[in-house]
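Chemist: Pasting upload.pdb here (PDB, C-alpha atoms):
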```
ATOM      1  CA  ASN A  84     145.526  51.079  91.913
ATOM      2  CA  PRO A  85     141.792  50.469  91.932
ATOM      3  CA  GLN A  86     139.825  52.828  89.743
ATOM      4  CA  SER A  87     137.407  55.363  91.328
ATOM      5  CA  PRO A  88     133.782  54.305  90.905
ATOM      6  CA  ILE A  89     131.900  56.237  88.182
ATOM      7  CA  PRO A  90     128.487  57.519  89.332
ATOM      8  CA  ASN A  91     125.512  56.074  87.576
ATOM      9  CA  PRO A  92     124.308  58.811  85.144
ATOM     10  CA  GLN A  93     120.697  58.016  86.044
ATOM     11  CA  ILE A  94     121.340  58.951  89.698
ATOM     12  CA  ILE A  95     122.602  62.494  88.973
ATOM     13  CA  PRO A  96     119.192  63.996  87.961
ATOM     14  CA  LEU A  97     117.630  62.418  91.040
ATOM     15  CA  LEU A  98     120.275  63.968  93.306
ATOM     16  CA  LEU A  99     119.762  67.375  91.698
ATOM     17  CA  TYR A 100     115.997  67.056  92.172
ATOM     18  CA  ILE A 101     116.451  66.184  95.865
ATOM     19  CA  ILE A 102     118.744  69.200  96.336
ATOM     20  CA  TYR A 103     116.168  71.427  94.586
ATOM     21  CA  ILE A 104     113.371  70.201  96.870
ATOM     22  CA  PHE A 105     115.547  70.719  99.959
ATOM     23  CA  ILE A 106     116.416  74.314  99.004
ATOM     24  CA  SER A 107     112.780  75.063  98.139
ATOM     25  CA  LEU A 108     111.616  73.885 101.563
ATOM     26  CA  ILE A 109     114.198  76.112 103.256
ATOM     27  CA  LEU A 110     113.047  79.146 101.238
ATOM     28  CA  ILE A 111     109.384  78.458 102.025
ATOM     29  CA  LYS A 112     110.173  78.308 105.735
ATOM     30  CA  MET A 113     112.153  81.552 105.551
ATOM     31  CA  ASN A 114     109.275  83.335 103.775
ATOM     32  CA  LYS A 115     106.809  82.012 106.333
ATOM     33  CA  ASN A 116     108.962  83.317 109.182
ATOM     34  CA  ASP A 117     109.269  86.709 107.483
ATOM     35  CA  HIS A 118     105.489  86.871 107.128
ATOM     36  CA  GLN A 119     105.001  85.994 110.787
ATOM     37  CA  ASN A 120     107.563  88.613 111.831
ATOM     38  CA  ASN A 121     105.791  91.310 109.786
ATOM     39  CA  LYS A 122     102.322  91.058 111.263
ATOM     40  CA  VAL A 123     100.146  94.163 110.888
ATOM     41  CA  THR A 124      97.488  94.781 113.527
ATOM     42  CA  ILE A 125      94.918  97.585 113.492
ATOM     43  CA  LYS A 126      93.171  98.910 116.590
ATOM     44  CA  LYS A 127      90.807 101.747 117.368
ATOM     45  CA  VAL A 128      92.505 104.751 118.918
ATOM     46  CA  ALA A 129      91.789 105.739 122.500
ATOM     47  CA  GLU A 130      92.776 108.936 124.316
ATOM     48  CA  GLU A 131      95.916 107.308 125.689
ATOM     49  CA  ASP A 132      97.146 106.841 122.106
ATOM     50  CA  LEU A 133      97.337 110.605 121.547
ATOM     51  CA  SER A 134     101.144 110.800 121.540
ATOM     52  CA  LEU A 135     101.404 107.975 118.977
ATOM     53  CA  ILE A 136      98.957 109.673 116.615
ATOM     54  CA  LYS A 137     100.655 113.032 117.039
ATOM     55  CA  ASP A 138     104.130 111.633 116.315
ATOM     56  CA  ILE A 139     102.969 109.825 113.157
ATOM     57  CA  SER A 140     101.090 112.950 112.009
ATOM     58  CA  ILE A 141     104.065 115.281 112.288
ATOM     59  CA  LYS A 142     106.554 112.844 110.788
ATOM     60  CA  THR A 143     104.448 111.734 107.808
ATOM     61  CA  PHE A 144     103.181 115.239 107.064
ATOM     62  CA  THR A 145     106.735 116.581 107.031
ATOM     63  CA  GLU A 146     107.952 113.686 104.856
ATOM     64  CA  THR A 147     105.157 114.192 102.334
ATOM     65  CA  PHE A 148     104.828 117.951 102.028
ATOM     66  CA  SER A 149     107.976 119.742 103.233
ATOM     67  CA  LYS A 150     109.924 119.278 100.004
ATOM     68  CA  ASP A 151     107.237 121.024  97.926
ATOM     69  CA  ASN A 152     106.327 123.803 100.351
ATOM     70  CA  THR A 153     108.084 126.488 102.354
ATOM     71  CA  PRO A 154     109.290 125.691 105.884
ATOM     72  CA  GLU A 155     107.114 128.559 107.153
ATOM     73  CA  ASP A 156     103.892 127.133 105.677
ATOM     74  CA  THR A 157     104.774 123.581 106.741
ATOM     75  CA  ASN A 158     105.543 124.615 110.323
ATOM     76  CA  LYS A 159     102.446 126.785 110.557
ATOM     77  CA  TYR A 160     100.213 123.904 109.471
ATOM     78  CA  ILE A 161     101.829 121.499 111.959
ATOM     79  CA  GLU A 162     101.677 124.002 114.829
ATOM     80  CA  THR A 163      97.997 124.673 114.101
ATOM     81  CA  ASN A 164      96.705 121.155 113.427
ATOM     82  CA  PHE A 165      98.873 118.726 115.374
ATOM     83  CA  THR A 166      98.831 120.129 118.898
ATOM     84  CA  ASP A 167      97.822 117.930 121.838
ATOM     85  CA  GLU A 168      94.654 119.972 122.356
ATOM     86  CA  LYS A 169      93.585 119.870 118.701
ATOM     87  CA  MET A 170      94.210 116.156 118.233
ATOM     88  CA  LEU A 171      92.588 115.186 121.534
ATOM     89  CA  SER A 172      89.532 117.177 120.477
ATOM     90  CA  GLU A 173      89.454 115.259 117.180
ATOM     91  CA  ILE A 174      89.668 111.907 118.987
ATOM     92  CA  LYS A 175      86.719 112.921 121.178
ATOM     93  CA  THR A 176      84.601 114.302 118.309
ATOM     94  CA  SER A 177      81.347 112.452 117.770
ATOM     95  CA  GLY A 178      81.289 110.946 114.281
ATOM     96  CA  SER A 179      85.081 110.683 113.987
ATOM     97  CA  GLN A 180      87.148 107.541 114.476
ATOM     98  CA  PHE A 181      90.886 106.909 114.401
ATOM     99  CA  PHE A 182      92.510 103.533 113.761
ATOM    100  CA  ILE A 183      96.223 102.970 114.279
ATOM    101  CA  ALA A 184      98.275 100.305 112.479
ATOM    102  CA  PHE A 185     101.132  98.466 114.174
ATOM    103  CA  LEU A 186     103.824  96.486 112.394
ATOM    104  CA  ASP A 187     105.430  94.039 114.828
ATOM    105  CA  LYS A 188     103.953  96.155 117.656
ATOM    106  CA  LYS A 189     105.503  99.373 116.272
ATOM    107  CA  PRO A 190     103.050 102.194 115.403
ATOM    108  CA  VAL A 191     103.553 102.939 111.699
ATOM    109  CA  ALA A 192     100.337 104.475 110.313
ATOM    110  CA  TYR A 193      96.829 105.633 111.101
ATOM    111  CA  LEU A 194      93.441 106.233 109.543
ATOM    112  CA  LYS A 195      90.912 108.943 110.394
ATOM    113  CA  ILE A 196      87.305 108.648 109.181
ATOM    114  CA  ASN A 197      84.350 110.988 109.633
ATOM    115  CA  ILE A 198      80.608 110.576 109.245
ATOM    116  CA  GLY A 199      77.629 112.893 109.587
ATOM    117  CA  GLU A 200      78.415 116.392 110.839
ATOM    118  CA  ALA A 201      82.042 115.444 111.511
ATOM    119  CA  GLN A 202      82.807 115.443 107.772
ATOM    120  CA  THR A 203      84.886 118.429 106.626
ATOM    121  CA  GLU A 204      82.475 118.953 103.712
ATOM    122  CA  LYS A 205      78.701 118.468 103.756
ATOM    123  CA  GLN A 206      78.281 115.179 101.891
ATOM    124  CA  GLY A 207      75.197 113.685 103.526
ATOM    125  CA  ASN A 208      74.481 110.929 106.011
ATOM    126  CA  ASP A 209      75.056 108.198 103.446
ATOM    127  CA  SER A 210      78.713 109.203 103.042
ATOM    128  CA  MET A 211      81.928 108.644 104.978
ATOM    129  CA  GLU A 212      85.039 110.802 104.702
ATOM    130  CA  ILE A 213      88.565 109.438 104.855
ATOM    131  CA  GLN A 214      90.225 112.538 106.230
ATOM    132  CA  ARG A 215      93.676 111.049 106.732
ATOM    133  CA  ILE A 216      95.696 107.981 105.886
ATOM    134  CA  TYR A 217      99.195 108.657 107.182
ATOM    135  CA  VAL A 218     101.847 105.983 106.640
ATOM    136  CA  LEU A 219     105.506 106.396 107.622
ATOM    137  CA  SER A 220     107.626 106.609 104.465
ATOM    138  CA  GLU A 221     109.817 103.646 105.362
ATOM    139  CA  MET A 222     106.690 101.509 105.685
ATOM    140  CA  LYS A 223     105.289 102.218 102.233
ATOM    141  CA  GLY A 224     105.112  99.202  99.954
ATOM    142  CA  LYS A 225     104.072  96.872 102.800
ATOM    143  CA  ARG A 226     100.321  97.131 102.005
ATOM    144  CA  ILE A 227      99.640  99.063 105.217
ATOM    145  CA  GLY A 228      97.807 101.798 103.318
ATOM    146  CA  SER A 229      95.710  99.165 101.557
ATOM    147  CA  LEU A 230      94.818  97.532 104.878
ATOM    148  CA  LEU A 231      93.673 100.879 106.270
ATOM    149  CA  MET A 232      91.574 101.509 103.153
ATOM    150  CA  GLU A 233      89.982  98.097 103.668
ATOM    151  CA  LYS A 234      89.351  99.026 107.301
ATOM    152  CA  ALA A 235      87.535 102.196 106.204
ATOM    153  CA  GLU A 236      85.304 100.185 103.864
ATOM    154  CA  GLU A 237      84.653  97.643 106.606
ATOM    155  CA  GLU A 238      83.505 100.414 108.976
ATOM    156  CA  ALA A 239      81.365 101.984 106.253
ATOM    157  CA  LYS A 240      79.580  98.690 105.627
ATOM    158  CA  LYS A 241      78.945  98.249 109.359
ATOM    159  CA  LEU A 242      77.189 101.625 109.310
ATOM    160  CA  ASN A 243      75.340 100.835 106.081
ATOM    161  CA  ILE A 244      77.147 103.707 104.345
ATOM    162  CA  LYS A 245      77.304 103.390 100.573
ATOM    163  CA  ARG A 246      79.828 106.083  99.613
ATOM    164  CA  ILE A 247      83.342 107.012 100.747
ATOM    165  CA  TRP A 248      85.058 110.221  99.721
ATOM    166  CA  LEU A 249      88.372 111.950 100.404
ATOM    167  CA  GLY A 250      90.506 114.930  99.453
ATOM    168  CA  VAL A 251      94.005 114.669  97.991
ATOM    169  CA  TRP A 252      96.462 117.394  96.988
ATOM    170  CA  GLU A 253      96.463 117.920  93.230
ATOM    171  CA  HIS A 254     100.258 117.475  93.070
ATOM    172  CA  ASN A 255     100.399 114.292  95.164
ATOM    173  CA  ASP A 256     100.588 111.990  92.141
ATOM    174  CA  ALA A 257     101.522 108.891  94.157
ATOM    175  CA  ALA A 258      98.454 109.202  96.404
ATOM    176  CA  ILE A 259      96.146 109.979  93.471
ATOM    177  CA  GLY A 260      97.379 106.881  91.643
ATOM    178  CA  PHE A 261      96.939 104.765  94.775
ATOM    179  CA  TYR A 262      93.343 105.888  95.282
ATOM    180  CA  LYS A 263      92.453 105.383  91.635
ATOM    181  CA  LYS A 264      93.682 101.790  91.855
ATOM    182  CA  LYS A 265      91.316 101.350  94.790
ATOM    183  CA  GLY A 266      88.365 102.462  92.654
ATOM    184  CA  TYR A 267      88.125 106.140  93.590
ATOM    185  CA  LYS A 268      87.111 108.712  90.970
ATOM    186  CA  ARG A 269      87.353 112.499  90.980
ATOM    187  CA  PHE A 270      84.043 114.333  91.426
ATOM    188  CA  SER A 271      85.059 117.839  92.521
ATOM    189  CA  GLU A 272      87.777 119.939  94.156
ATOM    190  CA  HIS A 273      88.165 122.445  96.984
ATOM    191  CA  VAL A 274      90.674 124.912  98.422
ATOM    192  CA  PHE A 275      92.966 123.602 101.161
ATOM    193  CA  MET A 276      94.853 126.161 103.249
ATOM    194  CA  PHE A 277      98.453 125.045 103.719
ATOM    195  CA  GLY A 278      99.749 127.620 106.161
ATOM    196  CA  ASN A 279      99.259 130.868 104.238
ATOM    197  CA  ASP A 280      99.177 129.117 100.858
ATOM    198  CA  PRO A 281      95.751 128.286  99.323
ATOM    199  CA  GLN A 282      96.127 124.981  97.459
ATOM    200  CA  THR A 283      93.771 122.762  95.468
ATOM    201  CA  ASP A 284      92.641 119.352  96.658
ATOM    202  CA  TYR A 285      90.901 116.950  94.309
ATOM    203  CA  LEU A 286      87.851 115.281  95.836
ATOM    204  CA  LEU A 287      87.544 111.577  95.032
ATOM    205  CA  GLU A 288      84.698 109.175  95.740
ATOM    206  CA  LYS A 289      83.894 105.484  95.651
ATOM    207  CA  PHE A 290      80.497 103.805  95.864
ATOM    208  CA  LEU A 291      80.458 100.534  97.779
ATOM    209  CA  LYS A 292      78.707  97.552  96.277
ATOM    210  CA  ASN A 293      75.725  95.768  97.836
ATOM    211  CA  ILE A 294      74.959  98.629 100.219
ATOM    212  CA  LYS A 295      71.402  99.958 100.471
ATOM    213  CA  PHE A 296      71.118 103.101 102.549
ATOM    214  CA  LYS A 297      68.187 103.138 104.955
ATOM    215  CA  ARG A 298      66.907 106.520 106.137
TER     216      ARG A 298
END
```
Mind converting the file's structure to C-alpha cells?

Modeler:
Amino acid sequence: NPQSPIPNPQIIPLLLYIIYIFISLILIKMNKNDHQNNKVTIKKVAEEDLSLIKDISIKTFTETFSKDNTPEDTNKYIETNFTDEKMLSEIKTSGSQFFIAFLDKKPVAYLKINIGEAQTEKQGNDSMEIQRIYVLSEMKGKRIGSLLMEKAEEEAKKLNIKRIWLGVWEHNDAAIGFYKKKGYKRFSEHVFMFGNDPQTDYLLEKFLKNIKFKR
C-alpha cells in the first residue's frame, strides 16, 4: 500500500495564517454590518412628535425614579408634568428646544435644552440649561446619552453660549458619574418637588472652550 503523503512542516504555519486572515475579515465585516444596523440619528422635535416625547418621558422617568420613591409621588409627578397640554406648551416655549434620538428609526431618547428666560433657574444669557436627557434603560451603554450631550454643546456653540448647566438628583449616582466624566462640576443645589416630597438636586456646570460671549 502506498504511504499517505506527509505535509511539509513549512506549509502548516502558512495555512494557519491564511485561516486567521480569513476569520478576521469575516469578523470585520460582521462588526461593520452591526455598526450600520445601529445608526443613531438626532432630529429637532416638532409638534407632531408630541406622542413620542411623552412616551419616552413616562417610561424613562418611571424606570429611573419609581424604585426609590412612592407610587403616589411618582404618579403625581407624571400626571402633572407629562400631560399632552404641558408637553405641547414646552415644545412651543420660546427659548426651549427638544431633540429626539432614533436608533434604527426607533425613538429611544430625547434632549431638552433651555436658554434665556426659559431656564428653570436664572443663570444669565450666557448660559444654557440641559433640563432633560431621557434615555430608555435598554438603550443605555450605546453612547446615546453622550451623543445628546454633544448635541447640546453643538447648539450652545451655535448660539455663542459659553456655559451649560443642569440639575441632577443627589441620589442618582449613575447620572452624576456620567456628567462628571463629561466635565461637569457641582456649583450649587436646589429643592426639587417630587410629588409631595421635597428632594435635593445638585446643580452642575461646564464651561465650553473657545467661546467668547458677546453682549

Chemist: Decode the PyMOL selection byres ((chain A and resi 137) around 10) for the given file into explicit residues and return them as a CSV table (one decimal) with C-alpha atoms, in the frame of the given file.

Modeler:
```csv
chain,number,residue,atom,x,y,z
A,132,ASP,CA,97.1,106.8,122.1
A,133,LEU,CA,97.3,110.6,121.5
A,134,SER,CA,101.1,110.8,121.5
A,135,LEU,CA,101.4,108.0,119.0
A,136,ILE,CA,99.0,109.7,116.6
A,138,ASP,CA,104.1,111.6,116.3
A,139,ILE,CA,103.0,109.8,113.2
A,140,SER,CA,101.1,113.0,112.0
A,141,ILE,CA,104.1,115.3,112.3
A,142,LYS,CA,106.6,112.8,110.8
A,161,ILE,CA,101.8,121.5,112.0
A,164,ASN,CA,96.7,121.2,113.4
A,165,PHE,CA,98.9,118.7,115.4
A,166,THR,CA,98.8,120.1,118.9
A,167,ASP,CA,97.8,117.9,121.8
A,169,LYS,CA,93.6,119.9,118.7
A,170,MET,CA,94.2,116.2,118.2
A,171,LEU,CA,92.6,115.2,121.5
```

Chemist: What's the 8 Å shell around segment 183-196 of chain A, counting all atoms listed in the file, without same-chain residues fewer than 3 positions away, as a list in words?

Modeler: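 After dropping sequence-adjacent residues, the list is Asn120, Asn121, Lys122, Val123, Thr124, Ile125, Lys126, Lys127, Val128, Leu135, Ile136, Ile139, Ser179, Gln180, Met211, Glu212, Ile213, Gln214, Arg215, Ile216, Tyr217, Val218, Leu219, Met222, Ile227, Gly228, Leu231 and Ala235 of chain A.
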
Chemist: Please indicate the distance in Å from atom CA of Ala129 of chain A to atom CA of Ile198 of chain A, rounded to one decimal place.

Modeler: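 It comes out at 18.0 Å.
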
Chemist: Return as lines of an AutoDock Vina configuration file the box centre and box size in Å, one decimal, for an axis-aligned box around all listed atoms of segment 225-241 of chain A padded by 6 Å per side.

Modeler:
```
center_x = 91.5
center_y = 99.5
center_z = 105.5
size_x = 37.1
size_y = 17.3
size_z = 19.8
```

Chemist: Can you tell me which residues surround segment 280-295 of chain A at a distance of at most 6 Å, considering only C-alpha atoms, apart from same-chain residues fewer than 6 positions away, and format the answer as an MDAnalysis selection string?

Modeler: chainID A and resid 245:253 267:274

Chemist: Write to file, as a compact mmCIF listing (two decimals), in the frame of the given file, the residues of the selection just made, with C-alpha atoms.

Modeler:
```txt
# COMPACT_ATOMS: atom_id res chain seq x y z
CA LYS A 245 77.30 103.39 100.57
CA ARG A 246 79.83 106.08 99.61
CA ILE A 247 83.34 107.01 100.75
CA TRP A 248 85.06 110.22 99.72
CA LEU A 249 88.37 111.95 100.40
CA GLY A 250 90.51 114.93 99.45
CA VAL A 251 94.00 114.67 97.99
CA TRP A 252 96.46 117.39 96.99
CA GLU A 253 96.46 117.92 93.23
CA TYR A 267 88.12 106.14 93.59
CA LYS A 268 87.11 108.71 90.97
CA ARG A 269 87.35 112.50 90.98
CA PHE A 270 84.04 114.33 91.43
CA SER A 271 85.06 117.84 92.52
CA GLU A 272 87.78 119.94 94.16
CA HIS A 273 88.16 122.44 96.98
CA VAL A 274 90.67 124.91 98.42
```

Chemist: Work out how far atom CA of Glu131 of chain A is from atom CA of Phe182 of chain A, in Å to one decimal.

Modeler: 13.0 Å

Chemist: Would you work out the distance separating atom CA of Tyr160 of chain A from atom CA of Ile174 of chain A, expressed in Å to one decimal?

Modeler: 18.6 Å

Chemist: Write out, as a Markdown table, each residue of segment 233-293 of chain A that has an atom at most 10 Å from segment 144-151 of chain A, together with the closest pair of atoms and their distance in Å to one decimal, counting all atoms listed in the file, rows going by chain and rising number.

Modeler:
```
| residue | atom | partner | partner_atom | distance |
| --- | --- | --- | --- | --- |
| A:Trp252 | CA | A:Phe148 | CA | 9.8 |
| A:His254 | CA | A:Asp151 | CA | 9.2 |
| A:Asn255 | CA | A:Thr147 | CA | 8.6 |
| A:Phe277 | CA | A:Phe148 | CA | 9.7 |
```

Chemist: Could the residues in this selection be saved with C-alpha atoms as a PDB file, keeping the file's coordinate frame?

Modeler:
```
ATOM      1  CA  TRP A 252      96.462 117.394  96.988  1.00  0.00           C
ATOM      2  CA  HIS A 254     100.258 117.475  93.070  1.00  0.00           C
ATOM      3  CA  ASN A 255     100.399 114.292  95.164  1.00  0.00           C
ATOM      4  CA  PHE A 277      98.453 125.045 103.719  1.00  0.00           C
TER       5      PHE A 277
END
```

Chemist: Could you name the residues that touch Gly199 of chain A at 7 Å or less, counting all atoms listed in the file, but leaving out those on the same chain fewer than 5 positions away, as a JSON list (two decimals) with C-alpha atoms, in the coordinates of the input?

Modeler:
```
[["chain", "number", "residue", "atom", "x", "y", "z"],
["A", 178, "GLY", "CA", 81.29, 110.95, 114.28],
["A", 207, "GLY", "CA", 75.20, 113.68, 103.53],
["A", 208, "ASN", "CA", 74.48, 110.93, 106.01]]
```
